[in-house]
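Below is one structure, written out as structure tokens; the observations come after it.
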Amino acid sequence: MGGKESSRNSSSNSYSSSSWLSNFWSSAGRTKPLAYPSETSIRANSFDGLVRRLGLFELILIGVGASIGAGIFVVTGTVARDTGPGVTISFVLAGVSCVLNALCYAELASRFPAVVGGAYLYTYTAFNELTAFLVFAQLMLDYHIGAASIARSLASYVVTILELFPFFKGIPSWIGSGEEILGGTLSINVLAPILLALLTIVLCRGVGESSALNSFMTVLKVVIVIIVIFVGAFEIDVSNWSPFAPNGVKAILTGATVVFFAYVGFDAVANSAEEAKRPQRDLPIGIMASLLICITLYIGVCLVITGMVPYKFLGEDAPLAEAFASKGLKYVSVLISIGAVAGLTTTLLVGLYVQSRLYLGLGRDGLLPSIFAKVHPKLHTPIHSQVWVGIVAGVLAGLFNVHVLSHILSVGTLTGYSVVSACVVALRWKDKTESQVSSSSWREGLLCLITVALCGFGAGLLYRVNASFIFLILAVIVGIIATLDLYFRQVYADPPGFSCPWVPILPVVCIFFNSFLFAQLHYEAWVRFVILGIITVGVYAFYGQYHADPSSEETVIYHRAPREDA
């Protein structure tokens, strides 16, 4: 009897285990139904959703505000120390790469102009639920740590400006600069959480108020950058541009991999989909225009800083300010400090805004608790999500020196960019009927995309360790073969709205280059990618799979977009 009962229990446990795995994979493979703008617009019948107040100008300023922080006054000079005047080419190459990624974002923003979610939403529709949740987690860790780091930098700059006035001389380090305690385990900063709280209040008040603040600060920042370029142009000595590439072409290419992240932020425009007045028209324009403005400003600053001072003599901490000070133009250094405060403010403001909209999207889909899906009926902002991201950033910024974690950032950005590029290709397949896209064809296409990503990562590793050029060429050839398979053996449909050109070639190039950059990150960033992925799968297994509802009506609640002639 005991043996039979034990046998029954064993078989029951085996059945329940296999049943759980079966349910897990079934849930993980779910996708969000593909809905076109014409289908979703007629379902906008709720009065407690987000409200459409952002025009094209505001969307462009959101992109510029997110992309250009204090880095434009620092990273240009620090990279120029290694590459020489050729840093201009580094910024051009990185800018071209970002334009290719932006074209992918522009197509998907035009395809999904009515719902928040960005890269998470695109992945959910093109691939599956679990992959979308993994993308969200990688992006969100970047956003949380990045917001805390920017808040501490902003606090430091604010203290620097305050100390220009005699009354504020000698501000204690624990207020704005950070004071380490407990052997460096904690680093107390009082001002950073206060600044985060103020910006969170502005964001909770409404998208109109936060957009007005972002617009003012972004315009101020851009005007200061233009003044810096204009004043510096009269101090240029063209002999400083020779030799143009003193450390060779490889230094310029390496510089491009570093400055690529200076352009990150244009994707914030895609997360404004639900609050744009004319999303299908304005989102692609906003993404591309903001990026082109940033590229122009970065190139201008590069030409000025390398023309004013020989690249060997550029400072490490504040190269641009020191360059102007060396020419007796100390007032420009004050302008640069003000521009840095404006730049950090807009970057932080847009970062907090994007985080709350991503939480809103996951709350609606059930992958996170429903409290994140609530929108204030009068203010039309996701207050719970907004307060949550403010609290997380405030705790991190107030207690920890998150600058030391900067080397594990950018993982989420590169992951998001790569997956978005893959989404463009996959959704072009999905536009065809099921009879036209067989499961075997889908698997073959997916395998080719993965192969391209692995080849890009492999080529990046080989480049990093200075391996034989032959192996690097081999990785590229394998990637080209996979691309040719995608080009000749798959059928692609034309999407509604803005269309990314040269599909699948352009998205595949993006995937390859993003994976190449991934290989240049610190090894701790790779460890973070794996560990966070495992934790995310665990959270999904024990919570997300049981609560997610990709076809929920809440996923399309928003205010009706005004007519084009409004």
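Letters for chains follow the order of the structure tokens (A, B, ...), residue numbers begin at 1 for each chain, and ligand numbers begin at 1 in the order shown.
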Self-check item: Long-range neighbours of range 87-96 of chain A as a PyMOL selection string, 10 Å cut-off, only C-alpha atoms, 2 positions minimum in chain
Solution: chain A and resi 76-85+98-102+244-245+249+251-263+291-292+294-296+298-303+306+311
Self-check item: Cys423 in chain A environment, 9 Å, only C-alpha atoms, sequence neighbours closer than 3 positions dropped, as a PyMOL selection string
Solution: chain A and resi 104+108+119+122-123+125-127+418-420+426-428+507
I need the residues from that last selection saved to file as a JSON list (two decimals), in the first residue's frame (with N, CA and C atoms), if you can.
```json
[["chain", "number", "residue", "atom", "x", "y", "z"],
["A", 104, "CYS", "N", 14.54, 52.96, -37.01],
["A", 104, "CYS", "CA", 13.76, 51.81, -36.53],
["A", 104, "CYS", "C", 12.73, 52.24, -35.51],
["A", 108, "LEU", "N", 8.33, 52.16, -35.67],
["A", 108, "LEU", "CA", 7.48, 51.54, -34.65],
["A", 108, "LEU", "C", 6.66, 52.58, -33.90],
["A", 119, "ALA", "N", 9.98, 50.45, -26.23],
["A", 119, "ALA", "CA", 10.63, 49.19, -26.59],
["A", 119, "ALA", "C", 9.90, 47.99, -25.99],
["A", 122, "TYR", "N", 6.77, 47.28, -28.15],
["A", 122, "TYR", "CA", 7.14, 46.74, -29.45],
["A", 122, "TYR", "C", 7.54, 45.27, -29.33],
["A", 123, "THR", "N", 8.33, 44.96, -28.28],
["A", 123, "THR", "CA", 8.78, 43.58, -28.07],
["A", 123, "THR", "C", 7.62, 42.67, -27.74],
["A", 125, "THR", "N", 4.60, 42.90, -28.73],
["A", 125, "THR", "CA", 3.81, 42.65, -29.93],
["A", 125, "THR", "C", 4.56, 41.79, -30.95],
["A", 126, "ALA", "N", 5.85, 42.05, -31.10],
["A", 126, "ALA", "CA", 6.62, 41.35, -32.14],
["A", 126, "ALA", "C", 7.07, 39.97, -31.70],
["A", 127, "PHE", "N", 7.44, 39.82, -30.43],
["A", 127, "PHE", "CA", 8.01, 38.55, -29.98],
["A", 127, "PHE", "C", 7.12, 37.89, -28.93],
["A", 418, "SER", "N", 18.74, 47.06, -29.79],
["A", 418, "SER", "CA", 18.87, 45.85, -30.61],
["A", 418, "SER", "C", 17.52, 45.16, -30.81],
["A", 419, "VAL", "N", 16.76, 45.05, -29.72],
["A", 419, "VAL", "CA", 15.46, 44.37, -29.81],
["A", 419, "VAL", "C", 14.49, 45.18, -30.66],
["A", 420, "VAL", "N", 14.53, 46.50, -30.55],
["A", 420, "VAL", "CA", 13.65, 47.34, -31.38],
["A", 420, "VAL", "C", 13.96, 47.14, -32.86],
["A", 426, "ALA", "N", 10.66, 41.62, -37.54],
["A", 426, "ALA", "CA", 9.67, 40.61, -37.17],
["A", 426, "ALA", "C", 8.25, 41.07, -37.45],
["A", 427, "LEU", "N", 7.96, 42.35, -37.21],
["A", 427, "LEU", "CA", 6.61, 42.85, -37.45],
["A", 427, "LEU", "C", 6.31, 42.96, -38.94],
["A", 428, "ARG", "N", 7.33, 43.14, -39.75],
["A", 428, "ARG", "CA", 7.10, 43.10, -41.20],
["A", 428, "ARG", "C", 6.68, 41.70, -41.63],
["A", 507, "PRO", "N", 17.98, 47.46, -40.22],
["A", 507, "PRO", "CA", 17.85, 46.95, -38.84],
["A", 507, "PRO", "C", 18.94, 45.94, -38.47]]
```
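DSSP annotation of range 179-215 of chain A from backbone atoms: helix (DSSP H, G or I) residues are Leu182, Gly183, Gly184, Leu191, Ala192, Pro193, Ile194, Leu195, Leu196, Ala197, Leu198, Leu199, Thr200, Ile201, Val202, Leu203, Cys204, Arg205, Val207, Gly208, Glu209, Ser210, Ser211, Ala212, Leu213, Asn214 and Ser215 of chain A.
Every protein or nucleic acid residue with an atom no more than 9 Å from Thr345 in chain A, counting only C-alpha atoms and leaving out same-chain residues fewer than 5 positions away, appears here: Gly65, Gly69, Ile150, Ala151, Leu154, Leu199, Asn214, Met217, Thr218, Ala340 and Val350 of chain A.
Minimum atom-to-atom distances from A:Val64, A:Gly366, A:Cys448, A:Val404 to Gln545 in chain A were compared using only C-alpha atoms, and the lowest value belongs to A:Gly366.
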Quiz item: If you count only C-alpha atoms, which residues fall within 12 Å of Val223 in chain A, apart from same-chain ones fewer than 4 positions away, as a PyMOL selection string?
Solution: chain A and resi 216-219+227-230+297+335-336+338-339+342-343
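Closest approach to His144 in chain A from the set A:Phe516, A:Trp526, A:Phe167, A:Tyr353 is made by A:Tyr353, with distances taken over only C-alpha atoms.
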Self-check item: Long-range neighbours of Asn23 in chain A as a ChimeraX atom specification, 10 Å cut-off, only C-alpha atoms, 5 positions minimum in chain
Solution: /A:17-18,28-29,541,545-546
Please save N, CA, C and O atoms of the selected residues as a short mmCIF file (atom, residue, chain, number, x, y, z; two decimals), in the first residue's frame.
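In the end it all went to again_13.cif:
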```cif
data_model
loop_
_atom_site.label_atom_id
_atom_site.label_comp_id
_atom_site.auth_asym_id
_atom_site.auth_seq_id
_atom_site.Cartn_x
_atom_site.Cartn_y
_atom_site.Cartn_z
N SER A 17 4.60 19.26 -11.95
CA SER A 17 5.80 19.97 -12.40
C SER A 17 5.77 20.21 -13.90
O SER A 17 6.06 21.32 -14.37
N SER A 18 5.42 19.17 -14.66
CA SER A 18 5.36 19.32 -16.12
C SER A 18 4.23 20.27 -16.51
O SER A 18 4.35 21.03 -17.48
N ALA A 28 4.68 32.60 -21.30
CA ALA A 28 5.84 33.36 -21.77
C ALA A 28 5.76 33.65 -23.27
O ALA A 28 6.27 34.67 -23.74
N GLY A 29 5.09 32.77 -24.02
CA GLY A 29 5.00 32.94 -25.46
C GLY A 29 3.85 33.81 -25.93
O GLY A 29 3.69 34.04 -27.13
N ALA A 541 7.96 34.23 -13.40
CA ALA A 541 7.47 32.87 -13.13
C ALA A 541 6.51 32.84 -11.95
O ALA A 541 5.51 32.11 -11.97
N GLN A 545 3.32 35.78 -14.92
CA GLN A 545 2.58 34.87 -15.79
C GLN A 545 1.15 34.67 -15.32
O GLN A 545 0.27 34.35 -16.12
N TYR A 546 0.90 34.86 -14.01
CA TYR A 546 -0.45 34.63 -13.48
C TYR A 546 -1.34 35.86 -13.56
O TYR A 546 -2.56 35.76 -13.44
#
```
Quiz item: Contacts of Ser515 in chain A at 7 Å or less, counting only C-alpha atoms, minus same-chain residues fewer than 4 places along, as a list in words?
Solution: Ala453, Gly456, Phe457, Ile511 and Ala519 of chain A
Quiz prompt | For CA of Pro284 in chain A and CA of Pro504 in chain A, the interatomic separation in Å (one decimal) | solution = 18.8 Å
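For Val395 in chain A, the non-local neighbours within 12 Å, defined as residues at least 3 positions apart in the same chain or in other chains and counting only C-alpha atoms, are A:His144, A:Ile145, A:Ala147, A:Ala148, A:Ser149, A:Ala151, A:Arg152, A:Leu186, A:Ser187, A:Ile188, A:Asn189, A:Val190, A:Leu191, A:Ala192, A:Pro193, A:Ile194, A:Leu196, A:Ala197, A:Trp388, A:Val389, A:Gly390, A:Ile391, A:Val392, A:Gly398, A:Leu399, A:Phe400, A:Asn401, A:Val402.
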Grab the residues selected above and save them as a tab-separated table (two decimals), in the first residue's frame with C-alpha atoms.
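Result saved to out.tsv:
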```tsv
chain	number	residue	atom	x	y	z
A	144	HIS	CA	16.88	53.98	-11.96
A	145	ILE	CA	20.66	54.08	-11.50
A	147	ALA	CA	18.43	59.02	-12.54
A	148	ALA	CA	20.15	58.73	-9.16
A	149	SER	CA	23.57	59.42	-10.70
A	151	ALA	CA	20.57	63.78	-9.46
A	152	ARG	CA	23.88	63.67	-7.55
A	186	LEU	CA	26.96	54.87	2.34
A	187	SER	CA	27.40	58.31	0.82
A	188	ILE	CA	24.99	60.89	2.22
A	189	ASN	CA	23.65	63.54	-0.15
A	190	VAL	CA	20.72	65.64	1.08
A	191	LEU	CA	20.19	67.93	-1.90
A	192	ALA	CA	19.82	65.20	-4.57
A	193	PRO	CA	16.61	63.68	-3.09
A	194	ILE	CA	15.18	67.20	-2.60
A	196	LEU	CA	14.18	64.66	-7.25
A	197	ALA	CA	11.16	65.40	-5.06
A	388	TRP	CA	7.43	55.29	-7.09
A	389	VAL	CA	10.23	56.14	-9.56
A	390	GLY	CA	10.93	59.33	-7.60
A	391	ILE	CA	11.25	57.38	-4.35
A	392	VAL	CA	13.57	54.77	-5.87
A	398	GLY	CA	20.55	60.10	-1.08
A	399	LEU	CA	22.36	57.09	0.35
A	400	PHE	CA	24.73	55.66	-2.26
A	401	ASN	CA	27.53	56.89	-4.49
A	402	VAL	CA	25.89	55.50	-7.61
```
Quiz item: So how many Å separate CA of Asp142 in chain A and CA of Ser173 in chain A, to one decimal?
Solution: 26.4 Å
